[in-house]
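Asker: Sharing model.tsv (TSV, N, CA and C atoms) below.
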```tsv
chain	number	residue	atom	x	y	z
A	1	MET	N	11.60	-38.95	2.80
A	1	MET	CA	11.34	-37.53	2.95
A	1	MET	C	11.09	-37.26	4.43
A	2	ASP	N	11.81	-36.28	4.99
A	2	ASP	CA	11.59	-35.96	6.40
A	2	ASP	C	10.43	-34.99	6.57
A	3	ILE	N	10.02	-34.78	7.81
A	3	ILE	CA	8.86	-33.93	8.08
A	3	ILE	C	9.09	-32.48	7.68
A	4	GLY	N	10.33	-31.97	7.78
A	4	GLY	CA	10.64	-30.59	7.42
A	4	GLY	C	10.41	-30.32	5.95
A	5	SER	N	10.88	-31.20	5.08
A	5	SER	CA	10.69	-30.97	3.65
A	5	SER	C	9.24	-31.17	3.25
A	6	SER	N	8.52	-32.01	3.95
A	6	SER	CA	7.10	-32.20	3.68
A	6	SER	C	6.32	-30.92	3.99
A	7	ASN	N	6.63	-30.28	5.12
A	7	ASN	CA	5.97	-29.03	5.49
A	7	ASN	C	6.30	-27.92	4.50
A	8	LEU	N	7.55	-27.86	4.07
A	8	LEU	CA	7.95	-26.84	3.12
A	8	LEU	C	7.19	-26.99	1.81
A	9	HIS	N	7.03	-28.21	1.33
A	9	HIS	CA	6.28	-28.46	0.11
A	9	HIS	C	4.84	-27.97	0.26
A	10	THR	N	4.23	-28.22	1.41
A	10	THR	CA	2.85	-27.79	1.66
A	10	THR	C	2.76	-26.27	1.67
A	11	VAL	N	3.69	-25.61	2.30
A	11	VAL	CA	3.70	-24.14	2.35
A	11	VAL	C	3.81	-23.57	0.94
A	12	HIS	N	4.73	-24.11	0.13
A	12	HIS	CA	4.89	-23.63	-1.24
A	12	HIS	C	3.63	-23.87	-2.06
A	13	ALA	N	2.98	-24.99	-1.87
A	13	ALA	CA	1.76	-25.29	-2.61
A	13	ALA	C	0.66	-24.30	-2.26
A	14	VAL	N	0.54	-23.94	-0.99
A	14	VAL	CA	-0.48	-22.97	-0.58
A	14	VAL	C	-0.16	-21.60	-1.15
A	15	GLU	N	1.10	-21.18	-1.06
A	15	GLU	CA	1.48	-19.87	-1.60
A	15	GLU	C	1.22	-19.80	-3.10
A	16	MET	N	1.54	-20.85	-3.83
A	16	MET	CA	1.33	-20.85	-5.27
A	16	MET	C	-0.15	-20.78	-5.61
A	17	ALA	N	-0.97	-21.46	-4.87
A	17	ALA	CA	-2.40	-21.44	-5.13
A	17	ALA	C	-2.98	-20.05	-4.90
A	18	LEU	N	-2.48	-19.35	-3.89
A	18	LEU	CA	-2.99	-18.02	-3.59
A	18	LEU	C	-2.55	-16.98	-4.61
A	19	LEU	N	-1.39	-17.15	-5.23
A	19	LEU	CA	-0.87	-16.15	-6.13
A	19	LEU	C	-1.31	-16.32	-7.58
A	20	LYS	N	-1.74	-17.48	-7.96
A	20	LYS	CA	-2.11	-17.70	-9.35
A	20	LYS	C	-3.30	-16.83	-9.74
A	21	GLU	N	-3.14	-16.12	-10.87
A	21	GLU	CA	-4.21	-15.31	-11.45
A	21	GLU	C	-4.85	-14.35	-10.46
A	22	SER	N	-4.08	-13.82	-9.55
A	22	SER	CA	-4.61	-12.85	-8.61
A	22	SER	C	-4.23	-11.44	-9.05
A	23	GLU	N	-4.98	-10.48	-8.60
A	23	GLU	CA	-4.69	-9.10	-8.93
A	23	GLU	C	-3.67	-8.56	-7.94
A	24	MET	N	-2.69	-7.85	-8.44
A	24	MET	CA	-1.63	-7.28	-7.61
A	24	MET	C	-1.66	-5.77	-7.71
A	25	VAL	N	-1.17	-5.11	-6.67
A	25	VAL	CA	-0.96	-3.68	-6.70
A	25	VAL	C	0.54	-3.47	-6.83
A	26	CYS	N	0.94	-2.58	-7.71
A	26	CYS	CA	2.36	-2.30	-7.94
A	26	CYS	C	3.04	-1.97	-6.61
A	27	LYS	N	4.22	-2.54	-6.39
A	27	LYS	CA	4.96	-2.36	-5.14
A	27	LYS	C	5.75	-1.05	-5.10
A	28	ASN	N	5.70	-0.26	-6.17
A	28	ASN	CA	6.33	1.06	-6.17
A	28	ASN	C	5.46	1.97	-5.30
A	29	PRO	N	6.04	2.59	-4.27
A	29	PRO	CA	5.22	3.43	-3.38
A	29	PRO	C	4.63	4.66	-4.07
A	30	LEU	N	5.09	4.98	-5.27
A	30	LEU	CA	4.57	6.13	-6.01
A	30	LEU	C	3.50	5.73	-7.02
A	31	CYS	N	3.14	4.47	-7.06
A	31	CYS	CA	2.21	3.94	-8.07
A	31	CYS	C	1.13	3.12	-7.40
A	32	ASP	N	-0.08	3.19	-7.95
A	32	ASP	CA	-1.17	2.38	-7.40
A	32	ASP	C	-1.87	1.56	-8.50
A	33	VAL	N	-1.13	1.29	-9.57
A	33	VAL	CA	-1.67	0.51	-10.68
A	33	VAL	C	-1.92	-0.93	-10.22
A	34	ARG	N	-3.05	-1.48	-10.64
A	34	ARG	CA	-3.38	-2.87	-10.37
A	34	ARG	C	-3.18	-3.67	-11.66
A	35	PHE	N	-2.66	-4.87	-11.53
A	35	PHE	CA	-2.42	-5.71	-12.71
A	35	PHE	C	-2.60	-7.17	-12.32
A	36	LEU	N	-2.88	-7.99	-13.32
A	36	LEU	CA	-3.01	-9.42	-13.07
A	36	LEU	C	-1.64	-10.03	-12.91
A	37	GLN	N	-1.54	-10.94	-11.97
A	37	GLN	CA	-0.28	-11.62	-11.70
A	37	GLN	C	0.06	-12.54	-12.87
A	38	THR	N	1.19	-12.27	-13.53
A	38	THR	CA	1.58	-13.08	-14.67
A	38	THR	C	2.93	-13.77	-14.48
A	39	GLY	N	3.64	-13.40	-13.44
A	39	GLY	CA	4.96	-13.99	-13.21
A	39	GLY	C	4.86	-15.41	-12.69
A	40	MET	N	6.00	-16.06	-12.61
A	40	MET	CA	6.03	-17.40	-12.05
A	40	MET	C	5.62	-17.33	-10.58
A	41	THR	N	4.92	-18.33	-10.10
A	41	THR	CA	4.44	-18.31	-8.73
A	41	THR	C	5.57	-18.34	-7.72
A	42	ILE	N	6.71	-18.86	-8.08
A	42	ILE	CA	7.85	-18.92	-7.16
A	42	ILE	C	8.48	-17.53	-7.01
A	43	SER	N	8.39	-16.69	-8.04
A	43	SER	CA	8.89	-15.30	-7.97
A	43	SER	C	7.89	-14.40	-8.70
A	44	PRO	N	6.81	-14.04	-8.02
A	44	PRO	CA	5.74	-13.29	-8.67
A	44	PRO	C	6.17	-11.89	-9.12
A	45	LYS	N	5.54	-11.41	-10.15
A	45	LYS	CA	5.78	-10.06	-10.66
A	45	LYS	C	5.29	-9.07	-9.60
A	46	ARG	N	6.13	-8.10	-9.23
A	46	ARG	CA	5.77	-7.17	-8.16
A	46	ARG	C	5.51	-5.76	-8.67
A	47	PHE	N	5.94	-5.44	-9.87
A	47	PHE	CA	5.81	-4.09	-10.40
A	47	PHE	C	5.04	-4.11	-11.72
A	48	CYS	N	4.30	-3.04	-11.99
A	48	CYS	CA	3.48	-3.00	-13.21
A	48	CYS	C	4.32	-2.78	-14.46
A	49	CYS	N	5.51	-2.17	-14.31
A	49	CYS	CA	6.37	-1.92	-15.47
A	49	CYS	C	7.82	-1.77	-15.02
A	50	ASP	N	8.73	-1.75	-15.97
A	50	ASP	CA	10.15	-1.61	-15.65
A	50	ASP	C	10.46	-0.27	-14.99
A	51	ASN	N	9.75	0.79	-15.43
A	51	ASN	CA	9.98	2.11	-14.85
A	51	ASN	C	9.66	2.11	-13.35
A	52	CYS	N	8.56	1.48	-12.96
A	52	CYS	CA	8.20	1.41	-11.54
A	52	CYS	C	9.22	0.58	-10.76
A	53	LYS	N	9.71	-0.47	-11.36
A	53	LYS	CA	10.72	-1.30	-10.71
A	53	LYS	C	11.99	-0.47	-10.45
A	54	GLN	N	12.38	0.32	-11.44
A	54	GLN	CA	13.57	1.15	-11.32
A	54	GLN	C	13.35	2.24	-10.26
A	55	GLN	N	12.18	2.89	-10.27
A	55	GLN	CA	11.90	3.92	-9.27
A	55	GLN	C	11.94	3.36	-7.86
A	56	ALA	N	11.34	2.20	-7.66
A	56	ALA	CA	11.33	1.58	-6.33
A	56	ALA	C	12.75	1.25	-5.88
A	57	SER	N	13.59	0.82	-6.80
A	57	SER	CA	14.97	0.52	-6.48
A	57	SER	C	15.73	1.79	-6.08
A	58	ILE	N	15.49	2.88	-6.80
A	58	ILE	CA	16.13	4.15	-6.48
A	58	ILE	C	15.71	4.64	-5.10
A	59	ILE	N	14.42	4.54	-4.81
A	59	ILE	CA	13.90	4.96	-3.50
A	59	ILE	C	14.55	4.14	-2.39
A	60	LYS	N	14.63	2.84	-2.60
A	60	LYS	CA	15.22	1.96	-1.59
A	60	LYS	C	16.70	2.30	-1.35
A	61	ARG	N	17.44	2.54	-2.44
A	61	ARG	CA	18.86	2.87	-2.30
A	61	ARG	C	19.06	4.24	-1.67
A	62	ALA	N	18.23	5.22	-2.05
A	62	ALA	CA	18.34	6.56	-1.45
A	62	ALA	C	18.00	6.50	0.03
A	63	ALA	N	16.99	5.75	0.40
A	63	ALA	CA	16.62	5.61	1.81
A	63	ALA	C	17.76	5.00	2.61
A	64	ALA	N	18.42	4.01	2.04
A	64	ALA	CA	19.54	3.37	2.74
A	64	ALA	C	20.69	4.36	2.97
A	65	LEU	N	20.88	5.28	2.05
A	65	LEU	CA	21.92	6.29	2.21
A	65	LEU	C	21.52	7.39	3.19
A	66	LEU	N	20.26	7.80	3.16
A	66	LEU	CA	19.81	8.95	3.96
A	66	LEU	C	19.43	8.58	5.39
A	67	LEU	N	18.93	7.40	5.60
A	67	LEU	CA	18.45	7.00	6.92
A	67	LEU	C	19.48	7.16	8.04
A	68	PRO	N	20.71	6.74	7.85
A	68	PRO	CA	21.69	6.88	8.93
A	68	PRO	C	22.02	8.34	9.28
A	69	LEU	N	21.72	9.28	8.39
A	69	LEU	CA	22.06	10.68	8.61
A	69	LEU	C	21.09	11.40	9.54
A	70	GLY	N	19.94	10.82	9.76
A	70	GLY	CA	18.92	11.48	10.58
A	70	GLY	C	17.97	12.29	9.72
A	71	LYS	N	16.80	12.54	10.27
A	71	LYS	CA	15.72	13.18	9.52
A	71	LYS	C	16.10	14.59	9.06
A	72	GLU	N	16.69	15.38	9.95
A	72	GLU	CA	16.99	16.78	9.62
A	72	GLU	C	18.01	16.88	8.49
A	73	ARG	N	19.10	16.13	8.58
A	73	ARG	CA	20.14	16.17	7.54
A	73	ARG	C	19.62	15.59	6.22
A	74	ALA	N	18.82	14.54	6.32
A	74	ALA	CA	18.26	13.94	5.11
A	74	ALA	C	17.39	14.95	4.37
A	75	TRP	N	16.54	15.68	5.10
A	75	TRP	CA	15.69	16.69	4.46
A	75	TRP	C	16.53	17.81	3.86
A	76	GLU	N	17.61	18.21	4.53
A	76	GLU	CA	18.49	19.24	3.97
A	76	GLU	C	19.03	18.80	2.61
A	77	ILE	N	19.46	17.55	2.54
A	77	ILE	CA	20.01	17.02	1.29
A	77	ILE	C	18.93	16.96	0.21
A	78	ILE	N	17.75	16.49	0.57
A	78	ILE	CA	16.65	16.40	-0.40
A	78	ILE	C	16.29	17.78	-0.93
A	79	LEU	N	16.11	18.75	-0.03
A	79	LEU	CA	15.72	20.10	-0.45
A	79	LEU	C	16.82	20.76	-1.27
A	80	GLU	N	18.08	20.52	-0.90
A	80	GLU	CA	19.19	21.06	-1.67
A	80	GLU	C	19.20	20.47	-3.08
A	81	SER	N	18.94	19.19	-3.19
A	81	SER	CA	18.90	18.53	-4.49
A	81	SER	C	17.76	19.07	-5.34
A	82	MET	N	16.61	19.31	-4.70
A	82	MET	CA	15.47	19.86	-5.43
A	82	MET	C	15.78	21.26	-5.93
A	83	THR	N	16.42	22.06	-5.12
A	83	THR	CA	16.77	23.42	-5.51
A	83	THR	C	17.71	23.40	-6.71
A	84	LYS	N	18.70	22.52	-6.69
A	84	LYS	CA	19.63	22.40	-7.82
A	84	LYS	C	18.89	21.99	-9.08
A	85	ALA	N	17.94	21.07	-8.97
A	85	ALA	CA	17.18	20.61	-10.13
A	85	ALA	C	16.36	21.75	-10.72
A	86	VAL	N	15.74	22.56	-9.87
A	86	VAL	CA	14.94	23.70	-10.35
A	86	VAL	C	15.83	24.71	-11.04
A	87	VAL	N	16.99	24.99	-10.47
A	87	VAL	CA	17.94	25.94	-11.08
A	87	VAL	C	18.37	25.43	-12.45
A	88	GLU	N	18.65	24.13	-12.58
A	88	GLU	CA	19.05	23.57	-13.87
A	88	GLU	C	17.95	23.71	-14.90
A	89	VAL	N	16.70	23.49	-14.51
A	89	VAL	CA	15.57	23.63	-15.44
A	89	VAL	C	15.44	25.08	-15.88
A	90	VAL	N	15.55	26.01	-14.95
A	90	VAL	CA	15.44	27.43	-15.27
A	90	VAL	C	16.55	27.83	-16.23
A	91	GLU	N	17.76	27.34	-16.02
A	91	GLU	CA	18.87	27.66	-16.92
A	91	GLU	C	18.61	27.15	-18.32
A	92	VAL	N	18.07	25.96	-18.44
A	92	VAL	CA	17.75	25.39	-19.76
A	92	VAL	C	16.67	26.21	-20.44
A	93	VAL	N	15.63	26.58	-19.68
A	93	VAL	CA	14.53	27.37	-20.25
A	93	VAL	C	15.05	28.73	-20.70
A	94	ASP	N	15.95	29.32	-19.94
A	94	ASP	CA	16.51	30.62	-20.32
A	94	ASP	C	17.29	30.55	-21.64
A	95	GLU	N	17.79	29.36	-21.97
A	95	GLU	CA	18.55	29.20	-23.21
A	95	GLU	C	17.65	29.02	-24.44
A	96	VAL	N	16.38	28.74	-24.22
A	96	VAL	CA	15.44	28.55	-25.34
A	96	VAL	C	15.20	29.91	-25.99
A	97	PRO	N	15.34	30.01	-27.31
A	97	PRO	CA	15.12	31.29	-27.98
A	97	PRO	C	13.71	31.83	-27.72
A	98	GLN	N	13.61	33.12	-27.64
A	98	GLN	CA	12.33	33.78	-27.36
A	98	GLN	C	11.28	33.40	-28.38
A	99	ALA	N	11.65	33.23	-29.63
A	99	ALA	CA	10.70	32.90	-30.70
A	99	ALA	C	10.04	31.55	-30.48
A	100	MET	N	10.72	30.64	-29.78
A	100	MET	CA	10.18	29.30	-29.57
A	100	MET	C	9.25	29.24	-28.37
A	101	ARG	N	9.27	30.24	-27.50
A	101	ARG	CA	8.42	30.25	-26.32
A	101	ARG	C	7.02	30.65	-26.69
A	102	LYS	N	6.05	30.04	-26.02
A	102	LYS	CA	4.65	30.42	-26.22
A	102	LYS	C	4.36	31.66	-25.37
A	103	GLU	N	3.68	32.59	-25.96
A	103	GLU	CA	3.30	33.76	-25.20
A	103	GLU	C	1.96	33.48	-24.52
A	104	ILE	N	1.87	33.91	-23.30
A	104	ILE	CA	0.64	33.66	-22.52
A	104	ILE	C	-0.24	34.89	-22.56
```
Kindly return the structure encoded in the file as structure tokens.
Answerer:
Amino acid sequence: MDIGSSNLHTVHAVEMALLKESEMVCKNPLCDVRFLQTGMTISPKRFCCDNCKQQASIIKRAAALLLPLGKERAWEIILESMTKAVVEVVEVVDEVPQAMRKEI
């Protein structure tokens, strides 16, 4: 065994000892749930649930698409998307029969 592989084994042993049964914070930037580490020490669990994992992936992919466009253009796209989403919700609500709506 050469010195390089010996050092690597030591590094992995230290990392595994630190991660076992430790409390983690979900890596989704929109979530702050804490959970006990239950994944394998070589690939620890990073998200509290599948939904958070999916959201983090979407954020990462959207950032990769928007970042090269610059801050101003990225915000234009985000705000335009939000406006379209609100319009779609309003259209759906308008289709709900009056009898089904709660009166305030």
Asker: Going by DSSP on the backbone, which residues of region 28-83 of chain A come out as alpha helix (DSSP H)? List them as an mmCIF file with N, CA and C atoms, in the frame of the given file.
Answerer:
```
data_model
loop_
_atom_site.group_PDB
_atom_site.id
_atom_site.type_symbol
_atom_site.label_atom_id
_atom_site.label_comp_id
_atom_site.auth_asym_id
_atom_site.auth_seq_id
_atom_site.Cartn_x
_atom_site.Cartn_y
_atom_site.Cartn_z
ATOM 1 N N ASP A 50 8.730 -1.750 -15.970
ATOM 2 C CA ASP A 50 10.150 -1.610 -15.650
ATOM 3 C C ASP A 50 10.460 -0.270 -14.990
ATOM 4 N N ASN A 51 9.750 0.790 -15.430
ATOM 5 C CA ASN A 51 9.980 2.110 -14.850
ATOM 6 C C ASN A 51 9.660 2.110 -13.350
ATOM 7 N N CYS A 52 8.560 1.480 -12.960
ATOM 8 C CA CYS A 52 8.200 1.410 -11.540
ATOM 9 C C CYS A 52 9.220 0.580 -10.760
ATOM 10 N N LYS A 53 9.710 -0.470 -11.360
ATOM 11 C CA LYS A 53 10.720 -1.300 -10.710
ATOM 12 C C LYS A 53 11.990 -0.470 -10.450
ATOM 13 N N GLN A 54 12.380 0.320 -11.440
ATOM 14 C CA GLN A 54 13.570 1.150 -11.320
ATOM 15 C C GLN A 54 13.350 2.240 -10.260
ATOM 16 N N GLN A 55 12.180 2.890 -10.270
ATOM 17 C CA GLN A 55 11.900 3.920 -9.270
ATOM 18 C C GLN A 55 11.940 3.360 -7.860
ATOM 19 N N ALA A 56 11.340 2.200 -7.660
ATOM 20 C CA ALA A 56 11.330 1.580 -6.330
ATOM 21 C C ALA A 56 12.750 1.250 -5.880
ATOM 22 N N SER A 57 13.590 0.820 -6.800
ATOM 23 C CA SER A 57 14.970 0.520 -6.480
ATOM 24 C C SER A 57 15.730 1.790 -6.080
ATOM 25 N N ILE A 58 15.490 2.880 -6.800
ATOM 26 C CA ILE A 58 16.130 4.150 -6.480
ATOM 27 C C ILE A 58 15.710 4.640 -5.100
ATOM 28 N N ILE A 59 14.420 4.540 -4.810
ATOM 29 C CA ILE A 59 13.900 4.960 -3.500
ATOM 30 C C ILE A 59 14.550 4.140 -2.390
ATOM 31 N N LYS A 60 14.630 2.840 -2.600
ATOM 32 C CA LYS A 60 15.220 1.960 -1.590
ATOM 33 C C LYS A 60 16.700 2.300 -1.350
ATOM 34 N N ARG A 61 17.440 2.540 -2.440
ATOM 35 C CA ARG A 61 18.860 2.870 -2.300
ATOM 36 C C ARG A 61 19.060 4.240 -1.670
ATOM 37 N N ALA A 62 18.230 5.220 -2.050
ATOM 38 C CA ALA A 62 18.340 6.560 -1.450
ATOM 39 C C ALA A 62 18.000 6.500 0.030
ATOM 40 N N ALA A 63 16.990 5.750 0.400
ATOM 41 C CA ALA A 63 16.620 5.610 1.810
ATOM 42 C C ALA A 63 17.760 5.000 2.610
ATOM 43 N N ALA A 64 18.420 4.010 2.040
ATOM 44 C CA ALA A 64 19.540 3.370 2.740
ATOM 45 C C ALA A 64 20.690 4.360 2.970
ATOM 46 N N LEU A 65 20.880 5.280 2.050
ATOM 47 C CA LEU A 65 21.920 6.290 2.210
ATOM 48 C C LEU A 65 21.520 7.390 3.190
ATOM 49 N N LEU A 66 20.260 7.800 3.160
ATOM 50 C CA LEU A 66 19.810 8.950 3.960
ATOM 51 C C LEU A 66 19.430 8.580 5.390
ATOM 52 N N LYS A 71 16.800 12.540 10.270
ATOM 53 C CA LYS A 71 15.720 13.180 9.520
ATOM 54 C C LYS A 71 16.100 14.590 9.060
ATOM 55 N N GLU A 72 16.690 15.380 9.950
ATOM 56 C CA GLU A 72 16.990 16.780 9.620
ATOM 57 C C GLU A 72 18.010 16.880 8.490
ATOM 58 N N ARG A 73 19.100 16.130 8.580
ATOM 59 C CA ARG A 73 20.140 16.170 7.540
ATOM 60 C C ARG A 73 19.620 15.590 6.220
ATOM 61 N N ALA A 74 18.820 14.540 6.320
ATOM 62 C CA ALA A 74 18.260 13.940 5.110
ATOM 63 C C ALA A 74 17.390 14.950 4.370
ATOM 64 N N TRP A 75 16.540 15.680 5.100
ATOM 65 C CA TRP A 75 15.690 16.690 4.460
ATOM 66 C C TRP A 75 16.530 17.810 3.860
ATOM 67 N N GLU A 76 17.610 18.210 4.530
ATOM 68 C CA GLU A 76 18.490 19.240 3.970
ATOM 69 C C GLU A 76 19.030 18.800 2.610
ATOM 70 N N ILE A 77 19.460 17.550 2.540
ATOM 71 C CA ILE A 77 20.010 17.020 1.290
ATOM 72 C C ILE A 77 18.930 16.960 0.210
ATOM 73 N N ILE A 78 17.750 16.490 0.570
ATOM 74 C CA ILE A 78 16.650 16.400 -0.400
ATOM 75 C C ILE A 78 16.290 17.780 -0.930
ATOM 76 N N LEU A 79 16.110 18.750 -0.030
ATOM 77 C CA LEU A 79 15.720 20.100 -0.450
ATOM 78 C C LEU A 79 16.820 20.760 -1.270
ATOM 79 N N GLU A 80 18.080 20.520 -0.900
ATOM 80 C CA GLU A 80 19.190 21.060 -1.670
ATOM 81 C C GLU A 80 19.200 20.470 -3.080
ATOM 82 N N SER A 81 18.940 19.190 -3.190
ATOM 83 C CA SER A 81 18.900 18.530 -4.490
ATOM 84 C C SER A 81 17.760 19.070 -5.340
ATOM 85 N N MET A 82 16.610 19.310 -4.700
ATOM 86 C CA MET A 82 15.470 19.860 -5.430
ATOM 87 C C MET A 82 15.780 21.260 -5.930
ATOM 88 N N THR A 83 16.420 22.060 -5.120
ATOM 89 C CA THR A 83 16.770 23.420 -5.510
ATOM 90 C C THR A 83 17.710 23.400 -6.710
#
```
Asker: What residues have an atom no more than 8 Å from (-3.9, -8.0, -6.2) in the file's own frame, counting only N, CA and C atoms, and can you write them as JSON, numbers by chain?
Answerer: {"A": [21, 22, 23, 24, 25, 26, 34, 35, 36, 37]}
Asker: What is the atom N of Cys48 (chain A) to atom N of Ile77 (chain A) distance in Å?
Answerer: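 Between these atoms lies a distance of 29.4 Å.
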Asker: Any idea what the distance is between atom N of Ser57 (chain A) and atom N of Cys31 (chain A)?
Answerer: 11.1 Å
Asker: Record the distance separating CA of Leu65 (chain A) and atom N of Asp50 (chain A), expressed in Å with one decimal.
Answerer: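 Computing it gives 23.9 Å between the two atoms.
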